[in-house]
$ cat start-v8.tsv   # TSV, C-alpha atoms and all ligand atoms
chain	number	residue	atom	x	y	z
D	1	MET	CA	-5.46	-18.72	28.57
D	2	ALA	CA	-6.15	-20.77	25.45
D	3	LYS	CA	-6.62	-24.49	26.08
D	4	PHE	CA	-5.18	-26.66	23.37
D	5	SER	CA	-6.41	-30.11	22.54
D	6	LYS	CA	-4.32	-32.93	21.08
D	7	ASP	CA	-7.27	-33.93	18.92
D	8	LYS	CA	-7.36	-30.64	17.08
D	9	LYS	CA	-5.13	-29.51	14.27
D	10	THR	CA	-2.89	-26.52	14.83
D	11	ILE	CA	-3.15	-23.32	12.85
D	12	LEU	CA	-0.56	-20.60	12.77
D	13	SER	CA	-0.59	-17.30	10.97
D	14	GLY	CA	0.67	-13.78	11.31
D	15	ILE	CA	0.50	-10.28	9.91
D	16	LYS	CA	3.29	-7.71	9.87
D	17	PRO	CA	2.52	-4.49	11.76
D	18	SER	CA	4.08	-2.53	8.93
D	19	GLY	CA	0.85	-0.69	8.27
D	20	GLU	CA	-2.61	-0.59	9.76
D	21	LEU	CA	-4.99	-3.43	9.09
D	22	THR	CA	-7.23	-2.93	6.08
D	23	LEU	CA	-10.62	-4.10	4.94
D	24	GLY	CA	-8.61	-6.57	2.85
D	25	SER	CA	-6.84	-7.97	5.92
D	26	TYR	CA	-10.21	-8.38	7.63
D	27	ILE	CA	-12.16	-10.01	4.80
D	28	GLY	CA	-9.22	-12.02	3.48
D	29	ALA	CA	-7.68	-13.15	6.76
D	30	ILE	CA	-8.79	-12.09	10.22
D	31	ARG	CA	-12.48	-12.83	9.78
D	32	ASN	CA	-11.56	-16.37	8.80
D	33	TRP	CA	-9.21	-16.71	11.74
D	34	ALA	CA	-12.08	-15.87	14.06
D	35	SER	CA	-14.20	-18.60	12.49
D	36	LEU	CA	-11.52	-21.24	13.13
D	37	GLN	CA	-11.06	-20.68	16.85
D	38	SER	CA	-13.38	-23.43	18.05
D	39	ASP	CA	-12.24	-26.18	15.70
D	40	TYR	CA	-8.48	-25.70	15.77
D	41	ASN	CA	-5.66	-24.82	18.13
D	42	CYS	CA	-4.93	-21.35	16.80
D	43	ILE	CA	-1.78	-19.30	17.20
D	44	TYR	CA	-1.50	-15.82	15.73
D	45	CYS	CA	1.56	-13.65	15.85
D	46	ILE	CA	2.21	-10.03	15.14
D	47	ALA	CA	5.24	-10.34	12.91
D	48	ASP	CA	7.28	-7.34	14.02
D	49	MET	CA	10.58	-9.05	13.15
D	50	HIS	CA	9.39	-9.44	9.58
D	51	ALA	CA	8.25	-5.82	9.53
D	52	ILE	CA	11.79	-4.47	9.96
D	53	THR	CA	12.95	-6.06	6.69
D	54	VAL	CA	11.66	-2.77	5.31
D	55	ARG	CA	12.69	0.41	7.16
D	56	GLN	CA	10.14	1.37	9.84
D	57	ASP	CA	9.67	4.38	12.05
D	58	PRO	CA	10.30	2.86	15.52
D	59	ALA	CA	7.61	4.84	17.37
D	60	LEU	CA	5.08	4.03	14.68
D	61	LEU	CA	6.00	0.35	14.62
D	62	ARG	CA	5.48	0.15	18.37
D	63	LYS	CA	2.15	1.91	18.12
D	64	ARG	CA	0.91	-0.23	15.24
D	65	THR	CA	1.91	-3.41	17.04
D	66	LEU	CA	-0.39	-2.61	19.93
D	67	ILE	CA	-3.17	-1.40	17.64
D	68	GLN	CA	-2.90	-4.65	15.71
D	69	LEU	CA	-3.32	-6.68	18.88
D	70	ALA	CA	-6.38	-4.63	19.87
D	71	GLN	CA	-7.77	-5.13	16.38
D	72	TYR	CA	-7.24	-8.90	16.43
D	73	ILE	CA	-9.34	-8.99	19.60
D	74	ALA	CA	-11.92	-6.46	18.35
D	75	CYS	CA	-12.37	-8.56	15.21
D	76	GLY	CA	-13.44	-11.51	17.30
D	77	ILE	CA	-10.22	-13.39	17.98
D	78	ASP	CA	-10.74	-14.32	21.59
D	79	PRO	CA	-7.51	-14.31	23.64
D	80	ASP	CA	-9.02	-17.00	25.85
D	81	LYS	CA	-9.28	-19.35	22.88
D	82	ASN	CA	-6.29	-18.36	20.73
D	83	VAL	CA	-2.65	-17.69	21.48
D	84	LEU	CA	-1.92	-14.09	20.52
D	85	PHE	CA	1.62	-12.81	20.79
D	86	ILE	CA	4.32	-10.58	19.39
D	87	GLN	CA	6.97	-12.44	17.39
D	88	SER	CA	9.91	-10.62	19.00
D	89	HIS	CA	8.67	-11.65	22.46
D	90	VAL	CA	9.52	-15.27	21.73
D	91	PRO	CA	13.27	-15.57	21.05
D	92	ALA	CA	12.86	-19.10	19.67
D	93	HIS	CA	11.77	-17.58	16.34
D	94	ALA	CA	15.17	-16.01	15.76
D	95	GLU	CA	16.94	-19.05	17.20
D	96	LEU	CA	15.21	-21.60	15.00
D	97	GLY	CA	15.49	-19.18	12.09
D	98	TRP	CA	19.26	-19.35	12.35
D	99	VAL	CA	19.35	-23.13	12.37
D	100	LEU	CA	16.97	-23.32	9.42
D	101	ASN	CA	19.23	-20.94	7.49
D	102	CYS	CA	21.74	-23.72	7.45
D	103	TYR	CA	19.20	-26.02	5.82
D	104	THR	CA	18.01	-23.56	3.20
D	105	MET	CA	19.68	-23.19	-0.17
D	106	VAL	CA	20.51	-19.82	-1.64
D	107	GLY	CA	19.08	-21.10	-4.92
D	108	GLU	CA	15.70	-21.63	-3.23
D	109	LEU	CA	15.65	-18.13	-1.81
D	110	ASN	CA	16.61	-16.70	-5.19
D	111	ARG	CA	13.37	-18.03	-6.62
D	112	MET	CA	11.10	-16.18	-4.15
D	113	THR	CA	8.93	-13.80	-6.12
D	114	GLN	CA	8.20	-11.58	-3.13
D	115	PHE	CA	11.93	-10.99	-2.63
D	116	LYS	CA	12.29	-10.05	-6.28
D	117	ASP	CA	9.31	-7.67	-6.08
D	118	LYS	CA	10.40	-6.08	-2.83
D	119	SER	CA	13.98	-5.61	-3.87
D	120	ALA	CA	12.76	-3.87	-6.98
D	121	ARG	CA	10.57	-1.59	-4.85
D	122	HIS	CA	13.19	-0.95	-2.15
D	123	ALA	CA	16.30	-0.89	-4.31
D	124	ASP	CA	18.14	1.25	-1.76
D	125	ASN	CA	17.69	-1.31	1.02
D	126	ILE	CA	18.08	-4.86	-0.25
D	127	ASN	CA	19.15	-6.19	3.12
D	128	ALA	CA	19.91	-9.76	4.11
D	129	GLY	CA	16.78	-9.87	6.29
D	130	LEU	CA	14.60	-9.25	3.28
D	131	TYR	CA	16.33	-12.13	1.53
D	132	ASP	CA	16.02	-14.36	4.58
D	133	TYR	CA	12.39	-13.46	5.27
D	134	PRO	CA	11.00	-16.86	4.19
D	135	VAL	CA	13.33	-18.70	6.59
D	136	LEU	CA	12.12	-16.71	9.59
D	137	MET	CA	8.58	-17.38	8.43
D	138	ALA	CA	9.39	-21.09	8.23
D	139	ALA	CA	10.61	-20.89	11.83
D	140	ASP	CA	7.32	-19.19	12.85
D	141	ILE	CA	5.37	-22.07	11.39
D	142	LEU	CA	7.56	-25.05	12.28
D	143	LEU	CA	8.11	-24.08	15.94
D	144	TYR	CA	4.42	-24.75	16.62
D	145	GLN	CA	4.17	-27.89	14.46
D	146	ALA	CA	1.40	-26.14	12.56
D	147	ASP	CA	-0.74	-28.28	10.26
D	148	LEU	CA	-2.38	-25.40	8.45
D	149	VAL	CA	-1.24	-21.89	7.63
D	150	PRO	CA	-3.98	-19.49	6.54
D	151	VAL	CA	-2.39	-17.10	4.08
D	152	GLY	CA	-3.22	-15.09	1.02
D	153	GLU	CA	-2.25	-16.30	-2.43
D	154	ASP	CA	0.89	-14.09	-2.28
D	155	GLN	CA	2.31	-16.08	0.66
D	156	LYS	CA	1.76	-19.54	-0.81
D	157	GLN	CA	5.31	-19.74	-2.11
D	158	HIS	CA	6.61	-19.03	1.39
D	159	VAL	CA	4.60	-21.90	2.85
D	160	GLU	CA	5.95	-24.14	0.09
D	161	ILE	CA	9.57	-23.28	0.86
D	162	CYS	CA	8.78	-23.90	4.53
D	163	ARG	CA	7.62	-27.40	3.61
D	164	ASP	CA	10.77	-27.95	1.56
D	165	ILE	CA	12.99	-26.89	4.45
D	166	ALA	CA	11.03	-29.08	6.88
D	167	ARG	CA	11.18	-32.04	4.53
D	168	ARG	CA	14.93	-31.63	4.10
D	169	PHE	CA	15.48	-31.41	7.85
D	170	ASN	CA	13.24	-34.42	8.54
D	171	GLY	CA	15.04	-36.34	5.80
D	172	ILE	CA	18.31	-35.96	7.68
D	173	TYR	CA	17.16	-36.23	11.31
D	174	GLY	CA	13.83	-38.08	11.32
D	175	ASN	CA	10.41	-36.65	11.99
D	176	VAL	CA	11.07	-33.39	13.78
D	177	PHE	CA	8.68	-31.06	11.98
D	178	THR	CA	5.04	-31.34	10.90
D	179	LEU	CA	4.74	-30.46	7.22
D	180	PRO	CA	2.31	-27.53	7.00
D	181	ASP	CA	-0.25	-26.93	4.28
D	182	PRO	CA	-1.29	-23.50	3.10
D	183	TYR	CA	-4.93	-22.78	3.84
D	184	ILE	CA	-6.34	-20.33	1.39
D	185	PRO	CA	-9.88	-19.14	2.06
D	186	SER	CA	-12.10	-19.47	-0.98
D	187	VAL	CA	-14.39	-16.49	-0.56
D	188	GLY	CA	-13.29	-12.91	-0.44
D	189	ALA	CA	-9.67	-13.97	-0.47
D	190	ARG	CA	-8.50	-10.96	-2.33
D	191	VAL	CA	-9.83	-7.46	-1.90
D	192	MET	CA	-8.52	-5.11	-4.56
D	193	SER	CA	-7.72	-1.43	-4.25
D	194	LEU	CA	-10.69	0.87	-4.84
D	195	ALA	CA	-8.43	3.23	-6.75
D	196	ASP	CA	-6.70	0.56	-8.80
D	197	PRO	CA	-8.71	-2.65	-9.02
D	198	GLU	CA	-5.80	-4.33	-10.82
D	199	SER	CA	-3.79	-4.50	-7.58
D	200	LYS	CA	-4.44	-5.82	-4.11
D	201	MET	CA	-5.68	-3.38	-1.46
D	202	SER	CA	-2.46	-2.45	0.24
D	203	LYS	CA	-1.54	-0.95	3.58
D	204	SER	CA	2.14	-0.43	2.98
D	205	GLU	CA	2.16	1.23	-0.40
D	206	ASP	CA	0.65	4.57	-1.07
D	207	ASP	CA	-2.80	3.27	-1.93
D	208	SER	CA	-5.52	5.90	-2.07
D	209	GLY	CA	-8.05	3.12	-2.60
D	210	CYS	CA	-7.34	1.43	0.69
D	211	ILE	CA	-9.84	1.23	3.54
D	212	LEU	CA	-8.28	0.95	6.99
D	213	LEU	CA	-10.25	-0.73	9.76
D	214	LEU	CA	-9.98	2.43	11.85
D	215	ASP	CA	-10.98	4.86	9.07
D	216	ARG	CA	-13.72	7.33	9.84
D	217	PRO	CA	-17.11	6.77	8.14
D	218	GLU	CA	-16.84	9.95	6.04
D	219	ASP	CA	-13.44	8.90	4.69
D	220	ILE	CA	-14.73	5.43	3.87
D	221	MET	CA	-17.73	6.86	2.02
D	222	ALA	CA	-15.52	9.29	0.08
D	223	ARG	CA	-13.26	6.47	-1.04
D	224	PHE	CA	-16.15	4.29	-2.16
D	225	LYS	CA	-17.66	7.21	-4.08
D	226	ARG	CA	-14.38	7.66	-5.93
D	227	ALA	CA	-13.93	3.92	-6.58
D	228	VAL	CA	-12.64	3.29	-10.09
D	229	THR	CA	-15.15	1.44	-12.28
D	230	ASP	CA	-15.70	0.95	-16.02
D	231	SER	CA	-17.61	3.00	-18.56
D	232	GLU	CA	-20.55	0.60	-18.79
D	233	THR	CA	-23.63	0.83	-16.59
D	234	GLU	CA	-24.35	-2.79	-15.71
D	235	ILE	CA	-23.65	-4.21	-12.25
D	236	ARG	CA	-22.35	-7.59	-13.30
D	237	TYR	CA	-19.62	-9.78	-11.83
D	238	ASP	CA	-16.88	-10.12	-14.43
D	239	PRO	CA	-13.44	-9.98	-12.85
D	240	VAL	CA	-11.74	-9.94	-16.26
D	241	SER	CA	-13.30	-6.95	-17.98
D	242	LYS	CA	-15.11	-5.30	-15.06
D	243	LYS	CA	-12.54	-5.44	-12.28
D	244	GLY	CA	-13.72	-2.42	-10.29
D	245	ILE	CA	-17.41	-3.37	-10.20
D	246	SER	CA	-16.52	-7.01	-9.51
D	247	ASN	CA	-14.39	-5.92	-6.56
D	248	LEU	CA	-17.30	-3.89	-5.16
D	249	ILE	CA	-19.65	-6.83	-5.69
D	250	SER	CA	-17.35	-9.19	-3.85
D	251	ILE	CA	-16.80	-6.74	-1.00
D	252	TYR	CA	-20.57	-6.34	-0.65
D	253	SER	CA	-21.04	-10.09	-0.84
D	254	ALA	CA	-18.37	-10.68	1.81
D	255	VAL	CA	-19.79	-8.02	4.11
D	256	THR	CA	-23.46	-9.02	3.84
D	257	GLY	CA	-23.05	-12.76	3.31
D	258	LYS	CA	-25.20	-12.54	0.17
D	259	SER	CA	-24.11	-14.61	-2.82
D	260	ILE	CA	-22.70	-12.88	-5.90
D	261	PRO	CA	-25.72	-13.74	-8.12
D	262	ASP	CA	-28.00	-12.38	-5.39
D	263	VAL	CA	-26.03	-9.15	-5.30
D	264	GLU	CA	-26.30	-8.88	-9.10
D	265	ARG	CA	-30.05	-9.39	-8.88
D	266	GLU	CA	-30.45	-6.91	-6.04
D	267	PHE	CA	-28.73	-4.17	-8.05
D	268	ALA	CA	-30.06	-4.97	-11.51
D	269	GLY	CA	-30.87	-1.68	-13.21
D	270	CYS	CA	-29.31	0.37	-10.42
D	271	GLY	CA	-26.69	3.04	-11.24
D	272	TYR	CA	-23.03	2.76	-10.25
D	273	GLY	CA	-23.33	5.83	-8.00
D	274	SER	CA	-26.00	4.43	-5.74
D	275	PHE	CA	-24.37	0.99	-5.74
D	276	LYS	CA	-21.11	2.52	-4.49
D	277	GLN	CA	-23.07	4.36	-1.83
D	278	THR	CA	-24.75	1.15	-0.62
D	279	VAL	CA	-21.49	-0.80	-0.52
D	280	GLY	CA	-19.79	2.08	1.34
D	281	GLU	CA	-22.57	2.18	3.93
D	282	ALA	CA	-22.42	-1.58	4.46
D	283	VAL	CA	-18.66	-1.33	5.07
D	284	VAL	CA	-19.11	1.61	7.46
D	285	GLU	CA	-21.61	-0.42	9.51
D	286	LEU	CA	-19.37	-3.50	9.47
D	287	LEU	CA	-16.38	-1.56	10.74
D	288	ARG	CA	-18.12	0.69	13.26
D	289	PRO	CA	-18.32	-1.80	16.16
D	290	MET	CA	-14.77	-3.01	15.48
D	291	ARG	CA	-13.41	0.51	15.54
D	292	GLU	CA	-15.22	1.30	18.77
D	293	GLU	CA	-14.03	-1.91	20.41
D	294	THR	CA	-10.45	-1.29	19.23
D	295	GLU	CA	-10.53	2.18	20.77
D	296	ARG	CA	-11.94	0.81	24.01
D	297	LEU	CA	-9.23	-1.84	24.19
D	298	LEU	CA	-6.45	0.62	23.40
D	299	ALA	CA	-7.54	2.66	26.40
D	300	ASP	CA	-6.99	-0.43	28.57
D	301	ARG	CA	-3.30	-0.96	28.06
D	302	ALA	CA	-2.98	-3.04	31.25
D	303	TYR	CA	-5.36	-5.62	29.78
D	304	LEU	CA	-3.52	-5.73	26.44
D	305	ASN	CA	-0.23	-6.23	28.26
D	306	THR	CA	-1.72	-9.15	30.17
D	307	VAL	CA	-2.87	-10.75	26.92
D	308	LEU	CA	0.62	-10.31	25.48
D	309	ALA	CA	2.39	-11.71	28.49
D	310	SER	CA	0.20	-14.78	28.62
D	311	GLY	CA	0.37	-15.26	24.83
D	312	ALA	CA	4.17	-15.02	24.76
D	313	ASP	CA	4.41	-17.39	27.69
D	314	GLN	CA	2.23	-20.01	26.06
D	315	ALA	CA	3.91	-19.62	22.69
D	316	ALA	CA	7.37	-19.83	24.24
D	317	ARG	CA	6.49	-23.07	25.98
D	318	ILE	CA	5.34	-24.77	22.79
D	319	ALA	CA	8.28	-23.33	20.84
D	320	ALA	CA	10.82	-24.51	23.41
D	321	ARG	CA	9.83	-28.13	22.86
D	322	THR	CA	10.53	-27.94	19.14
D	323	LEU	CA	13.69	-25.88	19.52
D	324	GLY	CA	15.03	-28.29	22.15
D	325	LYS	CA	14.53	-31.21	19.78
D	326	VAL	CA	16.20	-29.34	16.93
D	327	TYR	CA	19.23	-28.33	19.02
D	328	LYS	CA	19.68	-31.95	20.06
D	329	LYS	CA	19.34	-33.27	16.53
D	330	VAL	CA	21.90	-30.91	15.03
D	331	GLY	CA	24.39	-31.72	17.79
D	332	PHE	CA	24.42	-28.68	20.10
D	333	TYR	CA	25.92	-29.64	23.43
D	334	THR	CA	23.83	-29.27	26.56
D	335	ALA	CA	25.32	-29.68	30.02
D	336	ASP	CA	24.13	-32.74	31.95
D	337	LYS	CA	21.34	-31.94	34.36
D	401	LIG	N1	4.70	-13.02	5.56
D	401	LIG	C1	3.35	-12.89	6.01
D	401	LIG	C2	2.67	-11.76	5.23
D	401	LIG	O1	3.31	-10.84	4.81
D	401	LIG	C3	3.30	-12.60	7.48
D	401	LIG	C4	3.83	-13.76	8.28
D	401	LIG	C5	4.93	-13.77	9.07
D	401	LIG	C6	3.23	-15.04	8.35
D	401	LIG	N2	5.06	-14.98	9.63
D	401	LIG	C7	4.08	-15.80	9.22
D	401	LIG	C8	2.11	-15.64	7.77
D	401	LIG	C9	3.81	-17.13	9.50
D	401	LIG	C10	1.85	-16.97	8.06
D	401	LIG	C11	2.70	-17.71	8.91
D	401	LIG	O2	1.48	-11.77	5.09
$ encode --input "start-v8.tsv" --output "structure tokens"
Amino acid sequence: MAKFSKDKKTILSGIKPSGELTLGSYIGAIRNWASLQSDYNCIYCIADMHAITVRQDPALLRKRTLIQLAQYIACGIDPDKNVLFIQSHVPAHAELGWVLNCYTMVGELNRMTQFKDKSARHADNINAGLYDYPVLMAADILLYQADLVPVGEDQKQHVEICRDIARRFNGIYGNVFTLPDPYIPSVGARVMSLADPESKMSKSEDDSGCILLLDRPEDIMARFKRAVTDSETEIRYDPVSKKGISNLISIYSAVTGKSIPDVEREFAGCGYGSFKQTVGEAVVELLRPMREETERLLADRAYLNTVLASGADQAARIAARTLGKVYKKVGFYTADK
């Protein structure tokens, strides 16, 4: 069980199990999570309640949830140092979410760009959960009094609205919530699609340029070979006019730890074809041990269930303290003990 220290800051983050984890999730998020585990109190959830804001196949959602847990662990997030749990296992998320709804303005939610994007993409299912998504996310964060929230650029607005809600609530009732800051990793924050380097590598859309952490080596190599590049021949980092090559350079840099100028020097005069091959091979070797460890863990369901039970238990205990305070502040009656 993770031991938390009062002297350390608290980190909370989560990923929806709405698709399998990608190379982008690893380089942009999970790898950084693993590097934080000694210096912070870290809590990571599998955001299944957020996942159902878009229609999911129930059997697949269940399967992906467990795979995601195994992958968190296989990527180096040690369940003895971090709290790992499934969002729906801790009812306080829904409970605080409701209260926070009453301290969130419709005008604020109307400004959320992700809601606008998603309702355009899922025009047949613009449900209230999709609209309310940022409030549940605020509950995720505020329940644990998180100081820092590692997220991609696309989630920054959601951390900002979380701060606004917390500030409003604290303004009325005193200091109940810690105001969280977004924590955006500087390197490798954004891995783009190999097929369309203009857009982020995406698990949930139909992205033929996406690498999943569990993909087989031959599929990974095929996708790198087909990676969209430009019509020049020079391997140079220029994310404005050479998006495809720049994406490959930053993937290679993130995977090998070499700096971007070093990568440019290493491949000076080399053709795009062999560069793609080298990057593909580096990714295959990076993912191989993670895939094997994920498969090993998935075969040990009893162990995964133990991790989940202990994670939910620890999370629920921290969450109960905050929820108790909130219920008292807003005036919910509790019977005398
Ligand atoms: N909305 C986040 C995403 O799509 C996932 C998420 C849910 C999350 N709850 C969170 C991220 C709390 C950080 C903190 O990536």
$ residues_around --input "start-v8.tsv" --residues "Glu95 in chain D" --least-positions-apart "5" --cutoff "12 Å" --atoms "only C-alpha atoms" --output "number ranges by chain"
D: 87-88, 90, 100-102, 135-136, 138-140, 143, 316, 319-320, 322-324, 326-327
$ closest_residue --input "start-v8.tsv" --among "D:Ala70, D:Leu213, D:Leu148, D:Leu23" --to "ligand LIG 401 (chain D)" --atoms "all atoms listed in the file"
D:Leu148
$ closest_atom_pairs --input "start-v8.tsv" --of "chain D" --to "ligand LIG 401 (chain D)" --cutoff "6 Å" --atoms "all atoms listed in the file" --output "CSV"
residue,atom,partner,partner_atom,distance
D:Leu12,CA,D:LIG401,C11,5.8
D:Ser13,CA,D:LIG401,C10,3.8
D:Gly14,CA,D:LIG401,C6,4.1
D:Ile15,CA,D:LIG401,C3,4.4
D:Lys16,CA,D:LIG401,C3,5.4
D:Ala47,CA,D:LIG401,C5,5.2
D:Met137,CA,D:LIG401,N2,4.4
D:Asp140,CA,D:LIG401,C9,5.3
D:Ile141,CA,D:LIG401,C9,5.5
D:Val149,CA,D:LIG401,C10,5.8
D:Val151,CA,D:LIG401,C10,5.8
$ closest_residue --input "start-v8.tsv" --among "D:Lys63, D:Arg31, D:Lys118, D:Lys3" --to "Cys75 in chain D" --atoms "all atoms listed in the file"
D:Arg31
$ residues_near_point --input "start-v8.tsv" --point "(-1.4, -20.3, 29.1)" --cutoff "10 Å" --atoms "only C-alpha atoms" --output "PDB file with C-alpha atoms, in the frame of the given file"
ATOM      1  CA  MET D   1      -5.460 -18.720  28.570  1.00  0.00           C
ATOM      2  CA  ALA D   2      -6.150 -20.770  25.450  1.00  0.00           C
ATOM      3  CA  LYS D   3      -6.620 -24.490  26.080  1.00  0.00           C
ATOM      4  CA  PHE D   4      -5.180 -26.660  23.370  1.00  0.00           C
ATOM      5  CA  ASP D  80      -9.020 -17.000  25.850  1.00  0.00           C
ATOM      6  CA  ASN D  82      -6.290 -18.360  20.730  1.00  0.00           C
ATOM      7  CA  VAL D  83      -2.650 -17.690  21.480  1.00  0.00           C
ATOM      8  CA  VAL D 307      -2.870 -10.750  26.920  1.00  0.00           C
ATOM      9  CA  ALA D 309       2.390 -11.710  28.490  1.00  0.00           C
ATOM     10  CA  SER D 310       0.200 -14.780  28.620  1.00  0.00           C
ATOM     11  CA  GLY D 311       0.370 -15.260  24.830  1.00  0.00           C
ATOM     12  CA  ALA D 312       4.170 -15.020  24.760  1.00  0.00           C
ATOM     13  CA  ASP D 313       4.410 -17.390  27.690  1.00  0.00           C
ATOM     14  CA  GLN D 314       2.230 -20.010  26.060  1.00  0.00           C
ATOM     15  CA  ALA D 315       3.910 -19.620  22.690  1.00  0.00           C
ATOM     16  CA  ARG D 317       6.490 -23.070  25.980  1.00  0.00           C
TER      17      ARG D 317
END
$ atom_distance --input "start-v8.tsv" --atom1 "CA of Gly152 in chain D" --atom2 "CA of Cys210 in chain D"
17.0 Å
$ atom_distance --input "start-v8.tsv" --atom1 "CA of Gln145 in chain D" --atom2 "CA of Pro180 in chain D"
7.7 Å
$ atom_distance --input "start-v8.tsv" --atom1 "CA of Val283 in chain D" --atom2 "CA of Pro217 in chain D"
8.8 Å
$ closest_residue --input "start-v8.tsv" --among "D:Glu153, D:Asp57, D:Asp39, D:Asp117" --to "Ser18 in chain D" --atoms "all atoms listed in the file"
D:Asp57
$ closest_residue --input "start-v8.tsv" --among "D:Lys116, D:Lys337, D:Arg121, D:His50" --to "Gly97 in chain D" --atoms "all atoms listed in the file"
D:His50
$ residues_around --input "start-v8.tsv" --residues "Gly209 in chain D" --least-positions-apart "5" --cutoff "10 Å" --atoms "only C-alpha atoms" --output "list of chain:residue names"
D:Met192, D:Ser193, D:Leu194, D:Ala195, D:Asp196, D:Pro197, D:Lys200, D:Met201, D:Ser202, D:Lys203, D:Ile220, D:Arg223, D:Phe224, D:Arg226, D:Ala227, D:Val228
$ closest_residue --input "start-v8.tsv" --among "D:Gln37, D:Thr53, D:Thr22, D:Thr294" --to "Ile67 in chain D" --atoms "only C-alpha atoms"
D:Thr294
$ closest_residue --input "start-v8.tsv" --among "D:Met49, D:Val191, D:Leu109, D:Ala299" --to "Ser25 in chain D" --atoms "all atoms listed in the file"
D:Val191
$ axis_aligned_box --input "start-v8.tsv" --around "range 18-27 of chain D" --padding-each-side "4 Å" --output "lines of an AutoDock Vina configuration file"
center_x = -4.0
center_y = -5.3
center_z = 6.3
size_x = 24.2
size_y = 17.4
size_z = 14.9
$ residues_near_point --input "start-v8.tsv" --point "(-15.2, -5.2, -6.2)" --cutoff "10 Å" --atoms "only C-alpha atoms" --output "PyMOL selection string"
chain D and resi 188+190-194+197+227-229+237-239+242-253+276+279
$ residues_around --input "start-v8.tsv" --residues "Gly19 in chain D" --least-positions-apart "2" --cutoff "10 Å" --atoms "only C-alpha atoms" --output "ChimeraX atom specification"
/D:15-17,21-22,51,56,60-61,64-65,68,202-205,212
$ build_atoms --input "start-v8.tsv" --residues "range 157-168 of chain D" --atoms "N, CA and C atoms" --output "mmCIF file, in the coordinates of the input"
data_model
loop_
_atom_site.group_PDB
_atom_site.id
_atom_site.type_symbol
_atom_site.label_atom_id
_atom_site.label_comp_id
_atom_site.auth_asym_id
_atom_site.auth_seq_id
_atom_site.Cartn_x
_atom_site.Cartn_y
_atom_site.Cartn_z
ATOM 1 N N GLN D 157 3.944 -19.309 -1.801
ATOM 2 C CA GLN D 157 5.310 -19.740 -2.110
ATOM 3 C C GLN D 157 6.153 -19.852 -0.826
ATOM 4 N N HIS D 158 5.861 -18.965 0.136
ATOM 5 C CA HIS D 158 6.610 -19.030 1.390
ATOM 6 C C HIS D 158 6.229 -20.256 2.211
ATOM 7 N N VAL D 159 4.984 -20.679 2.131
ATOM 8 C CA VAL D 159 4.600 -21.900 2.850
ATOM 9 C C VAL D 159 5.226 -23.109 2.140
ATOM 10 N N GLU D 160 5.322 -23.033 0.825
ATOM 11 C CA GLU D 160 5.950 -24.140 0.090
ATOM 12 C C GLU D 160 7.423 -24.292 0.425
ATOM 13 N N ILE D 161 8.141 -23.173 0.510
ATOM 14 C CA ILE D 161 9.570 -23.280 0.860
ATOM 15 C C ILE D 161 9.705 -23.783 2.299
ATOM 16 N N CYS D 162 8.777 -23.407 3.151
ATOM 17 C CA CYS D 162 8.780 -23.900 4.530
ATOM 18 C C CYS D 162 8.655 -25.419 4.539
ATOM 19 N N ARG D 163 7.756 -25.934 3.730
ATOM 20 C CA ARG D 163 7.620 -27.400 3.610
ATOM 21 C C ARG D 163 8.905 -28.034 3.108
ATOM 22 N N ASP D 164 9.521 -27.393 2.120
ATOM 23 C CA ASP D 164 10.770 -27.950 1.560
ATOM 24 C C ASP D 164 11.869 -27.996 2.612
ATOM 25 N N ILE D 165 11.963 -26.927 3.400
ATOM 26 C CA ILE D 165 12.990 -26.890 4.450
ATOM 27 C C ILE D 165 12.690 -27.987 5.482
ATOM 28 N N ALA D 166 11.420 -28.080 5.877
ATOM 29 C CA ALA D 166 11.030 -29.080 6.880
ATOM 30 C C ALA D 166 11.298 -30.495 6.368
ATOM 31 N N ARG D 167 10.988 -30.708 5.101
ATOM 32 C CA ARG D 167 11.180 -32.040 4.530
ATOM 33 C C ARG D 167 12.670 -32.390 4.486
ATOM 34 N N ARG D 168 13.478 -31.401 4.145
ATOM 35 C CA ARG D 168 14.930 -31.630 4.100
ATOM 36 C C ARG D 168 15.453 -31.977 5.498
#
